[in-house]
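Engineer: Before I ask anything, let me first share the structure, which is written out below as structure tokens.
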Amino acid sequence: MTLLFISINANANTDEIAPLKKLLPSGTNVAYIIGQPLDSTTSASTALFSQDNADLLLTPASTQKLLTALTAKLFLTDNYTFNTSLHGNINKQRLNNAEFNFTGDPTFTRKDLRNMLKQLKAKGVNQINGDIILNQSRFNGYNWGNGQVWNDQAVCYATQASALVINNNCVLGNLKRSADMTKATIYIPDYEPVILNSQVHILTKEQQQAQFCDLEVTRHPNNNYTLFGCITPSKRNLPLSFAISDPATYFTALLKDELTQARIAFTGKVVESKKAVKTATIINQQSAPLPDIITEMMKESDNLIADILFKTIGAEYFQQAGNYRNGAKAMRLILADKDISLASSVIADGSGLSRHNLVSAQTMFNVLEYIINHDDELKLLETMPISGVDGTLQYRRGLLTKKLAGKIAAKTGSLKGLSNLVGIVKTEKNHRVPFVLMVSGYNPKNIELSNKDKPRQPSPLTQYSAAFFNTIVSNY
């Protein structure tokens with residue numbers, strides 16, 4: 001299918017979209033491109049496209065994952081898998097020179113580790129001699145991208161993209177905060193080898209505002225956290241997610257427990273290494289293939305998967321330890337080979353968490369155009385969340401009406417003050433309309449304060465999104 005668009009006489013549809021900006025607070029930036037509608041036979045219709053601020057460089061947030069997904073599909077290909085392997089040599093029911101080699105498998109779990117040890121036990125091994133090495137030579141450099149917000153690093157959506165990943169490098173729990181308590185209490189499962197302390201006071205909303213107090217967390221060594229500040233009371237526990245500060249320490253604790261359960265003796269130390277593995281592979285744990293991993297990344301906007309893929313692309317392309325620098329360079333070269341230029345863009349990571357990223361609506365539309373035109377082989381359109389159906393669009397406000405539910409397939413991208421969508425809209429005329437919508441500098445607080453005595457209404461952003469897509473669905 002070839003995606004065509006016409007730039008002549010675009011004002012007809014532009015005039016329908018441009019006035020909608022008045023729904024947003026003053027000072028909000030809006031950039032969009034609405035591509036030419038495609039009919040059921042995939043030929044271009046006579047309807048026109050419209051655009052505004054198409055070359056303005058804006059923060060892409062998680063729409064950056066479109067670039068990561070496309071680059072991974074083009075270069076790594078669908079047959080790519082991650083491998084977590086155990087190396088060494090077996091002699092007389094003993095494993096010598098034991099070494100785990102991690103390649104950043106974002107899907108590796110404690111269950112997978114248990115399975116590996118069961119296989120080791122089945123080979124007759126009941127003891128590990130000497131130390132166990134945790135090899136993380138696959139990546140080097142920072143585990144977070146430059147420009148990521150520092151106080152997000154304790155939260156699971158911003159967990160570090162290290163070569164060693166287990167259970168998403170994340171621990172889940174909750175905070176009990178009932179009105180009869182003065183201090184909130186934290187619950188995490190007993191099997192999680194982390195320490196969480198609560199110094200959280202339970203206050204009324206008025207007290208909280210008067211003291212300028214909020215919920216905060218401090219990370220200490222060895223996966224030790226202190227939650228402090230204050231919170232208002234509620235009968236419902238507050239869900240919590242803690243990003244693992246030290247993946248090696250976390251893995252070590254899980255490994256020792258699993259070795260005990262597998263009845264494999266071990267009295268040595270667990271040490272880290274970034275030197276190349278030289279011993280033979282004893283056991284290999286393979287991930288699901290790349291299409292399954294990309295689908296998870298796209299539907300749920302998984303940042304860990306995106307940054308792991310980004311570094312992996314750099315590692316594979318340059319045949320060296322992967323990092324955010326060579327990942328960015330590899331992405332530029334791979335997409336340039338398909339006539340997608342990132343020359344004007346700033347690429348800092350694969351997830352879109354970095355505030356350093358800058359991409360225009362036009363560049364994002366070029367990526368979308370390529371994805372549409374090569375959907376037969378890429379099959380990336382089916383990985384996009386669908387409004388009112390799944391992923392990050394399942395409960396998206398403003399898109400859940402009968403008219404819009406199920407009609408929008410798009411990658412979302414949201415950070416403080418911005419909201420982006422890139423994808424395709426199915427219209428009432430049975431056309432498919434490709435679009436890019438990037439909203440930034442969004443600050444509704446002044447409007448909310450001025451309307452505090454009025455009945456609660458949808459936010460300005462919700463109203464704008466609904467109007468934007470209703471216009472496309474009805475008129476294109």
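Labels for the structure tokens follow display order: chains A, B, ..., residues from 1 in each chain, ligands from 1.
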To test your reading of the structure, identify every residue in range 299-434 of chain A that backbone DSSP assigns to alpha helix (DSSP H), and report it as a CSV table (one decimal) with C-alpha atoms, in the first residue's frame.

Structural biologist:
chain,number,residue,atom,x,y,z
A,299,LYS,CA,0.5,-1.7,23.8
A,300,GLU,CA,1.6,-1.0,27.4
A,303,ASN,CA,9.9,2.0,28.9
A,304,LEU,CA,12.2,-0.8,30.1
A,305,ILE,CA,11.7,-2.8,26.9
A,306,ALA,CA,12.2,0.3,24.8
A,307,ASP,CA,15.5,1.3,26.3
A,308,ILE,CA,16.8,-2.3,26.3
A,309,LEU,CA,16.0,-2.6,22.6
A,310,PHE,CA,17.7,0.8,22.0
A,311,LYS,CA,20.9,-0.3,23.6
A,312,THR,CA,20.7,-3.7,22.0
A,313,ILE,CA,20.4,-2.1,18.5
A,314,GLY,CA,23.6,-0.2,19.3
A,315,ALA,CA,25.4,-3.3,20.5
A,316,GLU,CA,24.4,-5.4,17.5
A,317,TYR,CA,25.0,-2.6,14.9
A,318,PHE,CA,28.5,-1.7,16.2
A,324,TYR,CA,22.5,5.2,24.7
A,325,ARG,CA,25.1,6.8,22.5
A,326,ASN,CA,25.6,4.0,20.0
A,327,GLY,CA,21.9,3.2,20.1
A,328,ALA,CA,21.1,6.7,18.9
A,329,LYS,CA,23.7,6.6,16.2
A,330,ALA,CA,22.6,3.2,15.0
A,331,MET,CA,19.0,4.4,14.9
A,332,ARG,CA,19.9,7.4,12.7
A,333,LEU,CA,21.9,5.2,10.3
A,334,ILE,CA,19.3,2.5,10.0
A,335,LEU,CA,16.4,4.9,9.4
A,336,ALA,CA,18.4,7.0,7.1
A,361,ALA,CA,5.5,16.2,13.8
A,362,GLN,CA,6.8,16.0,10.2
A,363,THR,CA,9.5,13.5,11.2
A,364,MET,CA,7.0,11.4,13.2
A,365,PHE,CA,4.6,11.4,10.2
A,366,ASN,CA,7.5,10.2,8.0
A,367,VAL,CA,8.0,7.3,10.3
A,368,LEU,CA,4.2,6.6,10.4
A,369,GLU,CA,4.1,6.8,6.6
A,370,TYR,CA,6.9,4.2,6.2
A,371,ILE,CA,5.2,1.9,8.8
A,372,ILE,CA,1.9,2.1,6.9
A,373,ASN,CA,3.5,1.5,3.5
A,375,ASP,CA,2.8,-3.0,7.0
A,376,ASP,CA,2.7,-6.3,5.2
A,377,GLU,CA,6.2,-7.1,6.4
A,378,LEU,CA,6.5,-5.0,9.5

Engineer: Give me the residues of range 283-371 of chain A that have any atom at most 7 Å from an atom of range 77-82 of chain A; for each, the nearest atom pair and the distance in Å, rounded to one decimal. Use only C-alpha atoms, sort by chain and number, and format it as a Markdown table.

Structural biologist:
| residue | atom | partner | partner_atom | distance |
| --- | --- | --- | --- | --- |
| A:Gln286 | CA | A:Phe82 | CA | 5.9 |
| A:Ser287 | CA | A:Phe82 | CA | 5.2 |
| A:Ala288 | CA | A:Thr81 | CA | 6.4 |
| A:Pro289 | CA | A:Thr81 | CA | 5.0 |
| A:Leu290 | CA | A:Asp78 | CA | 5.2 |
| A:Pro291 | CA | A:Asp78 | CA | 5.8 |

Engineer: Go ahead and write the selection's residues with C-alpha atoms as a PDB file, in the first residue's frame.

Structural biologist:
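This went into out_37.pdb:
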ATOM      1  CA  GLN A 286      15.572 -17.813  25.544  1.00  0.00           C
ATOM      2  CA  SER A 287      13.029 -15.018  25.492  1.00  0.00           C
ATOM      3  CA  ALA A 288       9.926 -14.804  23.343  1.00  0.00           C
ATOM      4  CA  PRO A 289      10.646 -13.586  19.777  1.00  0.00           C
ATOM      5  CA  LEU A 290      10.946  -9.902  18.984  1.00  0.00           C
ATOM      6  CA  PRO A 291       7.360  -9.367  17.678  1.00  0.00           C
TER       7      PRO A 291
END

Engineer: Run DSSP on the backbone and tell me which residues of range 195-243 of chain A come out as strand (DSSP E); list them as a list in words.

Structural biologist: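 Answer for range 195-243 of chain A restricted to strand (DSSP E) is Ile195, Leu196, Asn197, Ser198, Gln199, Val200, His201, Ile202, Leu215, Glu216, Val217, Thr218, Arg219, His220, Asn224, Tyr225, Thr226, Leu227, Phe228, Gly229, Cys230, Ile231, Leu238, Pro239, Leu240, Ser241, Phe242 and Ala243 of chain A.
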
Engineer: Might you pull out every residue within 8 Å of range 385-401 of chain A, with only C-alpha atoms counted and same-chain residues fewer than 5 positions away left off, and present them as a list in words?

Structural biologist: Met298, Lys299, Glu300, Ser301, Gly406, Lys407, Ile408, Ala409, Ala410, Lys411, Thr412, Thr462, Gln463, Ser465 and Ala466 of chain A

Engineer: Counting only C-alpha atoms, which residues in range 362-471 of chain A sit no more than 7 Å from range 24-38 of chain A? For each one, give the nearest pair of atoms and the distance in Å, sorted by chain then residue number, as a tab-separated table.

Structural biologist:
residue	atom	partner	partner_atom	distance
A:His431	CA	A:Leu38	CA	5.2
A:Arg432	CA	A:Leu38	CA	5.0
A:Val433	CA	A:Pro37	CA	4.5
A:Pro434	CA	A:Gly35	CA	5.0
A:Phe435	CA	A:Ile34	CA	4.5
A:Val436	CA	A:Ile33	CA	5.2
A:Leu437	CA	A:Tyr32	CA	4.5
A:Met438	CA	A:Ala31	CA	5.1
A:Val439	CA	A:Val30	CA	4.7
A:Ser440	CA	A:Asn29	CA	5.1
A:Gly441	CA	A:Thr28	CA	4.8
A:Tyr442	CA	A:Thr28	CA	5.1
A:Asn443	CA	A:Pro25	CA	6.8
A:Pro444	CA	A:Pro25	CA	6.1
A:Pro460	CA	A:Leu24	CA	5.3
A:Leu461	CA	A:Leu24	CA	6.4
A:Tyr464	CA	A:Leu24	CA	6.7

Engineer: Take the selection from the previous step and output its residues with C-alpha atoms, as a PDB file, in the first residue's frame.

Structural biologist:
ATOM      1  CA  HIS A 431     -11.481   5.703   5.349  1.00  0.00           C
ATOM      2  CA  ARG A 432      -8.281   5.332   7.342  1.00  0.00           C
ATOM      3  CA  VAL A 433      -6.667   8.643   8.196  1.00  0.00           C
ATOM      4  CA  PRO A 434      -3.053   8.773   9.378  1.00  0.00           C
ATOM      5  CA  PHE A 435      -2.302  11.542  11.856  1.00  0.00           C
ATOM      6  CA  VAL A 436       0.223  13.028  14.259  1.00  0.00           C
ATOM      7  CA  LEU A 437      -0.952  15.150  17.181  1.00  0.00           C
ATOM      8  CA  MET A 438       1.535  16.729  19.599  1.00  0.00           C
ATOM      9  CA  VAL A 439       0.357  18.940  22.460  1.00  0.00           C
ATOM     10  CA  SER A 440       2.931  20.511  24.786  1.00  0.00           C
ATOM     11  CA  GLY A 441       3.195  23.360  27.263  1.00  0.00           C
ATOM     12  CA  TYR A 442      -0.166  22.241  28.612  1.00  0.00           C
ATOM     13  CA  ASN A 443      -1.004  23.776  31.992  1.00  0.00           C
ATOM     14  CA  PRO A 444      -4.699  23.667  32.954  1.00  0.00           C
ATOM     15  CA  PRO A 460      -9.399  21.122  28.375  1.00  0.00           C
ATOM     16  CA  LEU A 461      -7.117  18.435  26.938  1.00  0.00           C
ATOM     17  CA  TYR A 464      -9.687  19.117  22.648  1.00  0.00           C
TER      18      TYR A 464
END
